[in-house]
Amino acid sequence: MIDQIINYNKTFVEQKGYKKYITDKYPDKKLAVLSCMDTRLTELLPAALGLKNGDAKIIKNAGGLVISTFDSAMRSLIVAIYELGVKEIMVVAHSHCGACHISYEHFHHEMIARGVTDKTLDTIRKCGIDLDQWLEGFKDTPRHCCQRIHH
Ligand SMILES: [Zn+2]
């Protein structure tokens with residue numbers, strides 16, 4: 001799949017397909033959107049919000065969550081605010097999210113089945129990662145955040 005994408009990109013660049021997307025690093029609407037990485041939202045999210053290239057910083061992860069004060073989503077939001085001029089932040093969830101109802105027990109079972117050992121998981125815990133909490137999903141999309149997008 002990656003080879004196909006690289007070939008497509010080569011043609012895209014040769015034909016200057018990027019020209020209509022040129023903008024700068026500052027979001028025109030001074031907006032950041034934290035949302036889910038769900039593939040159903042790839043085009044739907046900006047379309048549903050009326051956003052075009054250059055309008056907003058869109059930060060995505062599994063579930064559209066800030067897990068802790070120092071996680072990647074928070075780091076991106078801090079950069080967006082202090083470096084890129086963001087003034088407003090929207091958190092947008094969606095129905096039937098794959099990150100809803102996930103549990104550490106499920107991940108543990110899958111990781112062990114793929115060859116990860118409990119010794120490795122214990123080593124991660126010793127590094128200060130609370131795997132049970134880190135890999136836990138949220139239980140209820142409506143309470144997770146405002147529901148402004150439905151698909
Ligand atoms: Zn989701």
# chains A, B, ... in the order shown; residues from 1 in each chain; ligands from 1

call {"tool": "residues_near_ligand", "arguments": {"ligand": "ligand 1", "cutoff": "8 Å", "atoms": "only C-alpha atoms and all ligand atoms", "output": "PyMOL selection string"}}
result
chain A and resi 35-38+62-64+93-100

call {"tool": "select_by_dssp", "arguments": {"residues": "chain A", "states": "strand (DSSP E or B)", "output": "PDB file with C-alpha atoms, in the first residue's frame"}}
result
ATOM      1  CA  LEU A  31      -8.945  27.548  15.778  1.00  0.00           C
ATOM      2  CA  ALA A  32      -7.749  24.123  16.935  1.00  0.00           C
ATOM      3  CA  VAL A  33      -9.938  21.033  16.715  1.00  0.00           C
ATOM      4  CA  LEU A  34      -9.211  17.959  18.817  1.00  0.00           C
ATOM      5  CA  SER A  35     -10.939  14.944  17.349  1.00  0.00           C
ATOM      6  CA  CYS A  36     -10.714  11.232  16.706  1.00  0.00           C
ATOM      7  CA  ALA A  56      -7.529  25.228  11.716  1.00  0.00           C
ATOM      8  CA  LYS A  57      -5.027  23.010  13.470  1.00  0.00           C
ATOM      9  CA  ILE A  58      -6.643  19.583  13.553  1.00  0.00           C
ATOM     10  CA  ILE A  59      -5.235  17.287  16.216  1.00  0.00           C
ATOM     11  CA  LYS A  60      -6.312  13.675  16.074  1.00  0.00           C
ATOM     12  CA  ASN A  61      -5.831  10.622  18.244  1.00  0.00           C
ATOM     13  CA  GLU A  88     -10.326  28.768  20.417  1.00  0.00           C
ATOM     14  CA  ILE A  89     -10.327  24.989  20.803  1.00  0.00           C
ATOM     15  CA  MET A  90     -13.124  22.624  19.821  1.00  0.00           C
ATOM     16  CA  VAL A  91     -13.277  19.010  20.997  1.00  0.00           C
ATOM     17  CA  VAL A  92     -15.342  16.972  18.557  1.00  0.00           C
ATOM     18  CA  CYS A 100     -15.287   3.796  23.287  1.00  0.00           C
ATOM     19  CA  PHE A 138     -14.108   6.212  27.675  1.00  0.00           C
TER      20      PHE A 138
END

call {"tool": "select_by_dssp", "arguments": {"residues": "chain A", "states": "alpha helix (DSSP H)", "output": "ChimeraX atom specification"}}
result
/A:2-14,44-49,72-82,104-113,118-126,131-134,141-144

call {"tool": "residues_around", "arguments": {"residues": "Gly54 of chain A", "least_positions_apart": "4", "cutoff": "10 Å", "atoms": "only C-alpha atoms", "output": "PyMOL selection string"}}
result
chain A and resi 21-30

call {"tool": "write_last_selection", "arguments": {"atoms": "N, CA, C and O atoms", "output": "CSV table (one decimal), in the first residue's frame"}}
result
chain,number,residue,atom,x,y,z
A,21,TYR,N,-3.5,24.0,-2.4
A,21,TYR,CA,-3.6,23.8,-1.0
A,21,TYR,C,-2.6,24.7,-0.3
A,21,TYR,O,-2.5,24.7,1.0
A,22,ILE,N,-1.8,25.5,-1.0
A,22,ILE,CA,-0.8,26.3,-0.4
A,22,ILE,C,-1.4,27.3,0.6
A,22,ILE,O,-2.3,28.0,0.3
A,23,THR,N,-0.8,27.4,1.8
A,23,THR,CA,-1.2,28.3,2.8
A,23,THR,C,0.0,28.5,3.8
A,23,THR,O,1.1,27.9,3.5
A,24,ASP,N,-0.1,29.2,4.9
A,24,ASP,CA,1.0,29.2,5.8
A,24,ASP,C,0.7,28.4,7.1
A,24,ASP,O,-0.4,27.8,7.1
A,25,LYS,N,1.6,28.5,8.0
A,25,LYS,CA,1.4,27.6,9.2
A,25,LYS,C,0.4,28.2,10.2
A,25,LYS,O,0.0,27.5,11.2
A,26,TYR,N,0.0,29.4,10.1
A,26,TYR,CA,-1.0,30.0,11.0
A,26,TYR,C,-2.4,29.7,10.6
A,26,TYR,O,-2.8,30.0,9.5
A,27,PRO,N,-3.2,29.2,11.5
A,27,PRO,CA,-4.6,28.9,11.2
A,27,PRO,C,-5.4,30.2,11.0
A,27,PRO,O,-5.5,31.0,11.9
A,28,ASP,N,-6.0,30.3,9.8
A,28,ASP,CA,-6.8,31.5,9.5
A,28,ASP,C,-7.9,31.8,10.4
A,28,ASP,O,-8.2,33.0,10.7
A,29,LYS,N,-8.5,30.7,11.0
A,29,LYS,CA,-9.7,30.9,11.9
A,29,LYS,C,-9.2,30.9,13.4
A,29,LYS,O,-10.0,31.0,14.3
A,30,LYS,N,-7.9,30.9,13.6
A,30,LYS,CA,-7.3,30.9,14.9
A,30,LYS,C,-8.0,29.8,15.8
A,30,LYS,O,-8.4,30.0,17.0

call {"tool": "closest_residue", "arguments": {"among": "A:Asn9, A:Thr42, A:Ser103, A:Thr69", "to": "Gln133 of chain A", "atoms": "only C-alpha atoms"}}
result
A:Ser103

call {"tool": "atom_distance", "arguments": {"atom1": "atom CA of Cys127 of chain A", "atom2": "atom CA of Ser68 of chain A"}}
result
16.0 Å

call {"tool": "atom_distance", "arguments": {"atom1": "atom CA of Leu135 of chain A", "atom2": "atom CA of Tyr104 of chain A"}}
result
5.3 Å

call {"tool": "atom_distance", "arguments": {"atom1": "atom CA of Ile102 of chain A", "atom2": "atom CA of Leu131 of chain A"}}
result
12.7 Å
